[in-house]
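Notes to accompany the following structure.
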Amino acid sequence: MKFYCISDPESADSFRMLNIYTVEVSDYHQASQAFQKIVDIEDAGVVLITDGVSLFIKQEISNFIRKNTQPVILEIPSWKSSAPRIMRKKHEHENR
């Protein structure tokens with residue numbers, strides 16, 4: 001079983017550095033095509049989808065999860081959604 005990722009362009013390199021096959025998408029059409037392609041791969045065990053991308057295909061993800069147990073679909077924070085939190089925590093820590 002392998003890991004795959006459907007990511008926004010800003011987060012994609014992080015997954016590639018971990019040697020995870022990653023597809024960059026930036027709209028509904030690209031996200032939908034990538035999702036269908038990856039879930040049909042026989043050795044797909046886990047599909048990571050960044051939170052911004054998952055908004056494009058929320059219904060498709062829900063339908064897939066209802067009908068299938070493999071691959072496991074995980075929504076994860078993107079760089080855009082986690083970077084502000086990290087910087088805020090760093091700033092709070094420095095001001096103690």
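Order determines the names: the first chain of the structure tokens is A, the second B, and so forth; residues in each chain are numbered 1 upward, and ligands are numbered 1 upward as they are shown.
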List every residue of chain A that DSSP, applied to the backbone, labels as strand (DSSP E or B), and write the result as a list in words. Lys2, Phe3, Tyr4, Cys5, Ile6, Ser7, Tyr21, Thr22, Val23, Glu24, Ala44, Gly45, Val46, Val47, Leu48, Ile49, Thr50, Val72, Ile73, Leu74, Glu75 and Ile76 of chain A
Please provide the set of residues having any atom within 12 Å of A:Ser11, restricted to only C-alpha atoms, with same-chain residues fewer than 2 positions apart removed, written as a short mmCIF file (atom, residue, chain, number, x, y, z; two decimals) with N, CA and C atoms, in the first residue's frame.
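selection-v4.cif was written with the following content:
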```cif
data_model
loop_
_atom_site.label_atom_id
_atom_site.label_comp_id
_atom_site.auth_asym_id
_atom_site.auth_seq_id
_atom_site.Cartn_x
_atom_site.Cartn_y
_atom_site.Cartn_z
N CYS A 5 -1.04 11.87 -2.65
CA CYS A 5 -1.50 13.17 -2.15
C CYS A 5 -2.09 14.00 -3.28
N ILE A 6 -3.20 14.67 -2.97
CA ILE A 6 -3.77 15.67 -3.86
C ILE A 6 -3.65 16.98 -3.10
N SER A 7 -2.89 17.90 -3.66
CA SER A 7 -2.48 19.08 -2.90
C SER A 7 -2.63 20.38 -3.68
N ASP A 8 -2.72 21.45 -2.92
CA ASP A 8 -2.61 22.78 -3.51
C ASP A 8 -1.15 23.00 -3.89
N PRO A 9 -0.87 23.88 -4.84
CA PRO A 9 0.51 24.08 -5.29
C PRO A 9 1.48 24.50 -4.19
N ASP A 13 5.27 20.57 -2.58
CA ASP A 13 6.68 20.21 -2.42
C ASP A 13 6.96 19.52 -1.09
N SER A 14 6.21 19.85 -0.06
CA SER A 14 6.39 19.21 1.25
C SER A 14 6.16 17.70 1.14
N PHE A 15 5.15 17.31 0.41
CA PHE A 15 4.84 15.89 0.26
C PHE A 15 5.83 15.21 -0.67
N ARG A 16 6.26 15.91 -1.68
CA ARG A 16 7.26 15.34 -2.59
C ARG A 16 8.57 15.07 -1.86
N MET A 17 8.94 15.95 -0.93
CA MET A 17 10.16 15.72 -0.16
C MET A 17 10.07 14.46 0.69
N LEU A 18 8.85 14.05 1.00
CA LEU A 18 8.63 12.81 1.74
C LEU A 18 8.47 11.61 0.81
N THR A 22 2.50 13.06 -5.59
CA THR A 22 1.64 14.21 -5.33
C THR A 22 1.15 14.83 -6.64
N VAL A 23 -0.15 15.11 -6.67
CA VAL A 23 -0.76 15.80 -7.80
C VAL A 23 -1.17 17.19 -7.31
N GLU A 24 -0.68 18.22 -7.99
CA GLU A 24 -1.06 19.60 -7.67
C GLU A 24 -2.33 19.96 -8.42
N VAL A 25 -3.29 20.55 -7.70
CA VAL A 25 -4.53 20.98 -8.35
C VAL A 25 -4.88 22.38 -7.85
N SER A 26 -5.65 23.09 -8.67
CA SER A 26 -6.05 24.44 -8.26
C SER A 26 -7.50 24.77 -8.61
N LEU A 48 -3.92 11.42 0.88
CA LEU A 48 -3.91 12.67 1.64
C LEU A 48 -4.45 13.77 0.74
N ILE A 49 -5.38 14.57 1.27
CA ILE A 49 -5.95 15.66 0.50
C ILE A 49 -5.89 16.91 1.36
N THR A 50 -5.22 17.95 0.85
CA THR A 50 -5.13 19.17 1.64
C THR A 50 -6.51 19.82 1.78
N ASP A 51 -6.70 20.52 2.89
CA ASP A 51 -8.03 21.03 3.22
C ASP A 51 -8.62 21.96 2.16
N GLY A 52 -7.80 22.79 1.55
CA GLY A 52 -8.31 23.67 0.50
C GLY A 52 -8.80 22.91 -0.71
N VAL A 53 -8.09 21.86 -1.07
CA VAL A 53 -8.48 21.03 -2.21
C VAL A 53 -9.75 20.25 -1.88
N ILE A 76 -5.97 16.85 5.36
CA ILE A 76 -4.90 17.39 6.19
C ILE A 76 -4.75 18.90 5.95
N PRO A 77 -4.18 19.62 6.92
CA PRO A 77 -4.00 21.06 6.73
C PRO A 77 -3.03 21.36 5.60
N SER A 78 -3.31 22.41 4.87
CA SER A 78 -2.39 22.86 3.83
C SER A 78 -1.42 23.86 4.43
N TRP A 79 -0.41 24.22 3.67
CA TRP A 79 0.54 25.22 4.13
C TRP A 79 -0.18 26.53 4.44
N LYS A 80 -1.12 26.91 3.60
CA LYS A 80 -1.85 28.18 3.81
C LYS A 80 -2.63 28.19 5.11
N SER A 81 -3.23 27.07 5.48
CA SER A 81 -4.05 27.06 6.69
C SER A 81 -3.24 26.83 7.95
N SER A 82 -2.07 26.21 7.86
CA SER A 82 -1.29 25.95 9.07
C SER A 82 -0.19 26.97 9.31
N ALA A 83 0.32 27.64 8.30
CA ALA A 83 1.40 28.61 8.50
C ALA A 83 0.99 29.76 9.42
#
```
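In this model, the gap between atom CA of A:Val72 and atom CA of A:Met1 comes to 10.5 Å.
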Name the residues of chain A that fall into helix (DSSP H, G or I) according to DSSP on the backbone, using the chain letters and numbers of this document, as JSON, numbers by chain. {"A": [9, 10, 11, 12, 13, 14, 15, 16, 17, 28, 29, 30, 31, 32, 33, 34, 35, 36, 37, 38, 39, 51, 52, 53, 54, 55, 56, 58, 59, 60, 61, 62, 63, 64, 65, 66, 67, 79, 80, 81, 82, 83, 84, 85, 86, 87, 88, 89, 90, 91, 92, 93, 94]}
Take the residues from that selection and put them in a file with N, CA and C atoms, as a compact mmCIF listing (two decimals), in the first residue's frame.
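Heads up, here's the output in selection35.txt:
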```txt
# COMPACT_ATOMS: atom_id res chain seq x y z
N PRO A 9 -0.87 23.88 -4.84
CA PRO A 9 0.51 24.08 -5.29
C PRO A 9 1.48 24.50 -4.19
N GLU A 10 1.02 25.29 -3.22
CA GLU A 10 1.91 25.77 -2.16
C GLU A 10 2.37 24.66 -1.22
N SER A 11 1.59 23.61 -1.07
CA SER A 11 1.91 22.53 -0.13
C SER A 11 2.57 21.33 -0.80
N ALA A 12 2.50 21.24 -2.11
CA ALA A 12 2.91 20.04 -2.84
C ALA A 12 4.36 19.62 -2.60
N ASP A 13 5.27 20.57 -2.58
CA ASP A 13 6.68 20.21 -2.42
C ASP A 13 6.96 19.52 -1.09
N SER A 14 6.21 19.85 -0.06
CA SER A 14 6.39 19.21 1.25
C SER A 14 6.16 17.70 1.14
N PHE A 15 5.15 17.31 0.41
CA PHE A 15 4.84 15.89 0.26
C PHE A 15 5.83 15.21 -0.67
N ARG A 16 6.26 15.91 -1.68
CA ARG A 16 7.26 15.34 -2.59
C ARG A 16 8.57 15.07 -1.86
N MET A 17 8.94 15.95 -0.93
CA MET A 17 10.16 15.72 -0.16
C MET A 17 10.07 14.46 0.69
N TYR A 28 -11.78 22.80 -9.28
CA TYR A 28 -12.64 21.63 -9.13
C TYR A 28 -12.32 20.54 -10.15
N HIS A 29 -12.20 20.92 -11.40
CA HIS A 29 -11.99 19.94 -12.47
C HIS A 29 -10.70 19.14 -12.23
N GLN A 30 -9.62 19.82 -11.92
CA GLN A 30 -8.34 19.13 -11.66
C GLN A 30 -8.45 18.24 -10.43
N ALA A 31 -9.09 18.74 -9.38
CA ALA A 31 -9.22 17.97 -8.14
C ALA A 31 -10.05 16.71 -8.37
N SER A 32 -11.15 16.85 -9.08
CA SER A 32 -12.02 15.71 -9.36
C SER A 32 -11.30 14.65 -10.19
N GLN A 33 -10.61 15.07 -11.23
CA GLN A 33 -9.86 14.12 -12.07
C GLN A 33 -8.78 13.41 -11.27
N ALA A 34 -8.03 14.16 -10.47
CA ALA A 34 -6.95 13.56 -9.67
C ALA A 34 -7.52 12.56 -8.67
N PHE A 35 -8.62 12.91 -8.03
CA PHE A 35 -9.24 12.03 -7.04
C PHE A 35 -9.67 10.71 -7.68
N GLN A 36 -10.37 10.79 -8.81
CA GLN A 36 -10.82 9.57 -9.49
C GLN A 36 -9.65 8.71 -9.93
N LYS A 37 -8.62 9.35 -10.45
CA LYS A 37 -7.45 8.61 -10.92
C LYS A 37 -6.75 7.90 -9.76
N ILE A 38 -6.56 8.59 -8.66
CA ILE A 38 -5.80 8.02 -7.54
C ILE A 38 -6.58 6.93 -6.81
N VAL A 39 -7.87 7.13 -6.56
CA VAL A 39 -8.61 6.09 -5.84
C VAL A 39 -8.76 4.82 -6.67
N ASP A 51 -6.70 20.52 2.89
CA ASP A 51 -8.03 21.03 3.22
C ASP A 51 -8.62 21.96 2.16
N GLY A 52 -7.80 22.79 1.55
CA GLY A 52 -8.31 23.67 0.50
C GLY A 52 -8.80 22.91 -0.71
N VAL A 53 -8.09 21.86 -1.07
CA VAL A 53 -8.48 21.03 -2.21
C VAL A 53 -9.75 20.25 -1.88
N SER A 54 -9.84 19.76 -0.65
CA SER A 54 -11.01 18.95 -0.29
C SER A 54 -12.31 19.75 -0.40
N LEU A 55 -12.22 21.07 -0.27
CA LEU A 55 -13.43 21.90 -0.43
C LEU A 55 -14.00 21.81 -1.84
N PHE A 56 -13.13 21.63 -2.83
CA PHE A 56 -13.59 21.49 -4.21
C PHE A 56 -14.42 20.22 -4.41
N LYS A 58 -15.73 17.96 -1.86
CA LYS A 58 -16.28 17.46 -0.60
C LYS A 58 -17.31 16.35 -0.84
N GLN A 59 -18.24 16.57 -1.77
CA GLN A 59 -19.29 15.59 -2.01
C GLN A 59 -18.73 14.29 -2.58
N GLU A 60 -17.78 14.39 -3.50
CA GLU A 60 -17.18 13.18 -4.07
C GLU A 60 -16.44 12.38 -3.00
N ILE A 61 -15.75 13.08 -2.11
CA ILE A 61 -15.05 12.40 -1.02
C ILE A 61 -16.05 11.68 -0.12
N SER A 62 -17.12 12.37 0.27
CA SER A 62 -18.14 11.76 1.13
C SER A 62 -18.77 10.54 0.48
N ASN A 63 -19.12 10.64 -0.79
CA ASN A 63 -19.71 9.50 -1.50
C ASN A 63 -18.74 8.33 -1.55
N PHE A 64 -17.48 8.61 -1.81
CA PHE A 64 -16.48 7.54 -1.88
C PHE A 64 -16.33 6.85 -0.53
N ILE A 65 -16.22 7.63 0.53
CA ILE A 65 -16.02 7.05 1.87
C ILE A 65 -17.22 6.20 2.28
N ARG A 66 -18.43 6.62 1.93
CA ARG A 66 -19.62 5.84 2.26
C ARG A 66 -19.62 4.46 1.60
N LYS A 67 -19.04 4.37 0.41
CA LYS A 67 -19.11 3.13 -0.36
C LYS A 67 -17.85 2.28 -0.30
N TRP A 79 -0.41 24.22 3.67
CA TRP A 79 0.54 25.22 4.13
C TRP A 79 -0.18 26.53 4.44
N LYS A 80 -1.12 26.91 3.60
CA LYS A 80 -1.85 28.18 3.81
C LYS A 80 -2.63 28.19 5.11
N SER A 81 -3.23 27.07 5.48
CA SER A 81 -4.05 27.06 6.69
C SER A 81 -3.24 26.83 7.95
N SER A 82 -2.07 26.21 7.86
CA SER A 82 -1.29 25.95 9.07
C SER A 82 -0.19 26.97 9.31
N ALA A 83 0.32 27.64 8.30
CA ALA A 83 1.40 28.61 8.50
C ALA A 83 0.99 29.76 9.42
N PRO A 84 -0.19 30.36 9.27
CA PRO A 84 -0.56 31.44 10.19
C PRO A 84 -0.63 30.98 11.65
N ARG A 85 -1.11 29.75 11.88
CA ARG A 85 -1.17 29.22 13.25
C ARG A 85 0.21 29.03 13.83
N ILE A 86 1.14 28.50 13.04
CA ILE A 86 2.51 28.27 13.50
C ILE A 86 3.16 29.59 13.86
N MET A 87 3.00 30.59 13.01
CA MET A 87 3.60 31.89 13.28
C MET A 87 2.98 32.54 14.52
N ARG A 88 1.68 32.37 14.72
CA ARG A 88 1.02 32.92 15.89
C ARG A 88 1.56 32.28 17.16
N LYS A 89 1.72 30.95 17.16
CA LYS A 89 2.26 30.24 18.33
C LYS A 89 3.69 30.66 18.59
N LYS A 90 4.48 30.81 17.55
CA LYS A 90 5.87 31.23 17.70
C LYS A 90 5.91 32.62 18.34
N HIS A 91 5.06 33.52 17.87
CA HIS A 91 5.02 34.88 18.39
C HIS A 91 4.60 34.87 19.87
N GLU A 92 3.60 34.06 20.22
CA GLU A 92 3.15 33.96 21.61
C GLU A 92 4.27 33.44 22.50
N HIS A 93 5.00 32.44 22.02
CA HIS A 93 6.10 31.86 22.78
C HIS A 93 7.22 32.88 23.01
N GLU A 94 7.53 33.66 21.99
CA GLU A 94 8.60 34.66 22.10
C GLU A 94 8.23 35.79 23.05
```
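Coordinates place atom CA of A:Lys2 at a distance of 16.3 Å from atom CA of A:Glu75.
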